[in-house]
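Visitor: Sending over a structure as structure tokens; questions will come in a sec.
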Amino acid sequence: MSEENITRLQIGEKELILIGTAHVSKHSAEQVKEVIEAEQPDSVCVELDEQRYQSIKDGNSWRDTDIFKIIKEKKATLLLMNLAISSFQNRMAKQFGIKPGQEMIQGIESAQETGAELVLADRNIQITFARIWRGLGLKGKAMLLTQVVASIFSKESISEEELEKMKEKDTINSVLNEFAEAFPKLKRPLIDERDQFLAQKIKEAPGKKVVAVLGAAHVPGIKEEIKEEHDLTRLNELPPKSKAPKIIAWTIPIILIALIAFTFSADPSAGLQQTISWVLWNGTLSAIGTAIALGHPLAILTAFVAAPITSLDPITAAGWFAGFVQAYFVRPNVGDFERITDDVHSVKGFWRNKATRILLVVVLANLGSSLGTFIGGADVIRLFIENI
């Protein structure tokens, strides 16, 4: 049995065998099967949480997606980001003719075949995303979104030999060092905290022999973190939301309404000009965003009408209304949800699929409205100053 990419640790009476994998490598899946069959462990830990495990078990879970519920719960942007992030991995998996995460699927199957206890060792993905997002400033969020968009448009392909080299420890460490320099705040919740969480779960896994199937990027960190005790409750906590965005969200509309009202009282024609500027900038840019998403004509009209109003109300958003109208008139069918994982391989697929197009309508209508708020708001202030 090849010991390449395998790390053996002894913690007290426990023997821990860490398999560092690439998530789209045939060799990784074959090695997982070989190691578990040869070692006959008491437990097999996989780098999955309950949500991703259920997703693997139920490949048709997309069929049950309630698109209206996603919009109502304000999850359209999160879901679109999730799909975009996975698109690069899916493209590589398709290139090599395997399912993404095949080594995790193999770990689950091999655990069942050998009678080992399966341990879902990773932190809940929603908690990880929330800790990442809340920990980033405005600049960090913009950089992250830029990287996500770039991953959708990327046509990059790599050889399986290059993929295998990614699992070498020195290469992984250099990659993580570059990652830390580019996104220092992102590395902590995405890598460091999960290293701690995974290390503790592996250490607490039942039995004296434990095999852990992990992305290679986590192995160096886990080797260090496993020597320490980690509080899983603390690592599962959501950081408190900053009050600043909420204060700003209410303050800006109040100021703009006050400026327009004051201008109206001093010069009704100037006040009318402010109002028209606000409506046109907000409505037009939100409608353009919806049109770029190839929204239904009534969704485009809805974005135009809703944006000037919702921009003054922090509780609602133009994209929600446009998204609801899009979902009503261009309702996705079962086939659209079944094809999502294939369609997100390409930019064209994001727009072609009726389900992801609804998400694009929500996100781009909101983006247009936000841009309209800045430009329209600046024009309102300009007209106020000119007419004082």
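Numbering starts fresh at 1 for the residues of each chain in the structure tokens, the chains themselves are lettered A, B, ... in the order given, and ligands are numbered from 1 as they appear.
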If you take only C-alpha atoms and a cut-off of 10 Å, which residues of range 233-320 of chain A touch range 338-357 of chain A, and what are their nearest atom pairs and distances in Å to one decimal, in chain and number order, as a tab-separated table?

Guide:
```
residue	atom	partner	partner_atom	distance
A:Thr290	CA	A:Arg357	CA	9.8
A:Ile292	CA	A:Trp351	CA	9.4
A:Ala293	CA	A:Arg357	CA	6.4
A:Leu294	CA	A:Trp351	CA	7.3
A:Gly295	CA	A:Arg357	CA	7.6
```

Visitor: Mind writing the picked residues with all heavy atoms as an mmCIF file, in the first residue's frame?

Guide:
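Saved file selection.cif follows:
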```cif
data_model
loop_
_atom_site.group_PDB
_atom_site.id
_atom_site.type_symbol
_atom_site.label_atom_id
_atom_site.label_comp_id
_atom_site.auth_asym_id
_atom_site.auth_seq_id
_atom_site.Cartn_x
_atom_site.Cartn_y
_atom_site.Cartn_z
ATOM 1 N N THR A 290 -31.577 43.763 -14.181
ATOM 2 C CA THR A 290 -32.532 42.683 -14.457
ATOM 3 C C THR A 290 -32.467 42.254 -15.921
ATOM 4 O O THR A 290 -32.544 41.061 -16.237
ATOM 5 C CB THR A 290 -33.968 43.142 -14.114
ATOM 6 O OG1 THR A 290 -33.976 43.672 -12.793
ATOM 7 C CG2 THR A 290 -34.950 41.989 -14.191
ATOM 8 N N ILE A 292 -29.807 42.508 -17.867
ATOM 9 C CA ILE A 292 -28.543 41.771 -18.048
ATOM 10 C C ILE A 292 -28.719 40.313 -17.632
ATOM 11 O O ILE A 292 -28.143 39.400 -18.225
ATOM 12 C CB ILE A 292 -27.402 42.433 -17.242
ATOM 13 C CG1 ILE A 292 -27.044 43.781 -17.866
ATOM 14 C CG2 ILE A 292 -26.170 41.532 -17.176
ATOM 15 C CD1 ILE A 292 -26.084 44.618 -17.045
ATOM 16 N N ALA A 293 -29.575 40.082 -16.611
ATOM 17 C CA ALA A 293 -29.871 38.715 -16.161
ATOM 18 C C ALA A 293 -30.863 38.013 -17.084
ATOM 19 O O ALA A 293 -31.261 36.878 -16.802
ATOM 20 C CB ALA A 293 -30.414 38.747 -14.733
ATOM 21 N N LEU A 294 -31.246 38.694 -18.189
ATOM 22 C CA LEU A 294 -32.249 38.173 -19.137
ATOM 23 C C LEU A 294 -33.592 37.938 -18.453
ATOM 24 O O LEU A 294 -34.253 36.916 -18.668
ATOM 25 C CB LEU A 294 -31.758 36.880 -19.817
ATOM 26 C CG LEU A 294 -30.447 36.986 -20.606
ATOM 27 C CD1 LEU A 294 -30.108 35.646 -21.267
ATOM 28 C CD2 LEU A 294 -30.525 38.094 -21.654
ATOM 29 N N GLY A 295 -33.966 38.894 -17.592
ATOM 30 C CA GLY A 295 -35.243 38.798 -16.886
ATOM 31 C C GLY A 295 -36.431 38.996 -17.810
ATOM 32 O O GLY A 295 -36.325 39.591 -18.885
#
```

Visitor: Can you tell me which residues surround range 275-280 of chain A at a distance of at most 6 Å, considering only C-alpha atoms, apart from same-chain residues fewer than 4 positions away, and format the answer as a PDB file with C-alpha atoms, in the first residue's frame?

Guide:
```pdb
ATOM      1  CA  THR A 284     -33.110  52.505 -14.641  1.00  0.00           C
ATOM      2  CA  PRO A 308     -36.797  53.921  -6.040  1.00  0.00           C
ATOM      3  CA  GLY A 376     -29.122  59.229  -7.369  1.00  0.00           C
TER       4      GLY A 376
END
```

Visitor: I'd like the contact shell of Lys208 in chain A - 7 Å cut-off, only C-alpha atoms, skipping same-chain residues fewer than 5 positions apart - returned as a PyMOL selection string.

Guide: chain A and resi 13-15+42

Visitor: What does the file look like for those residues with N, CA, C and O atoms, as a PDB file, in the first residue's frame?

Guide:
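Generated file (again.pdb):
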```pdb
ATOM      1  N   GLU A  13      -3.583   6.316  23.121  1.00  0.00           N
ATOM      2  CA  GLU A  13      -3.746   4.953  22.619  1.00  0.00           C
ATOM      3  C   GLU A  13      -4.325   4.911  21.206  1.00  0.00           C
ATOM      4  O   GLU A  13      -4.492   3.836  20.629  1.00  0.00           O
ATOM      5  N   LYS A  14      -4.632   6.078  20.657  1.00  0.00           N
ATOM      6  CA  LYS A  14      -5.277   6.134  19.337  1.00  0.00           C
ATOM      7  C   LYS A  14      -4.269   6.260  18.204  1.00  0.00           C
ATOM      8  O   LYS A  14      -3.346   7.065  18.273  1.00  0.00           O
ATOM      9  N   GLU A  15      -4.515   5.468  17.167  1.00  0.00           N
ATOM     10  CA  GLU A  15      -3.750   5.611  15.939  1.00  0.00           C
ATOM     11  C   GLU A  15      -4.622   6.365  14.940  1.00  0.00           C
ATOM     12  O   GLU A  15      -5.743   5.939  14.622  1.00  0.00           O
ATOM     13  N   ASP A  42     -11.751   1.525  13.253  1.00  0.00           N
ATOM     14  CA  ASP A  42     -12.986   1.548  14.050  1.00  0.00           C
ATOM     15  C   ASP A  42     -13.897   2.686  13.571  1.00  0.00           C
ATOM     16  O   ASP A  42     -15.126   2.568  13.630  1.00  0.00           O
TER      17      ASP A  42
END
```

Visitor: Skipping near chain neighbours, those fewer than 3 positions away, what residues fall within 12 Å of range 30-36 of chain A using only C-alpha atoms, listed as a PyMOL selection string?

Guide: chain A and resi 1-8+17-27+39-46+98+101-118+209-215
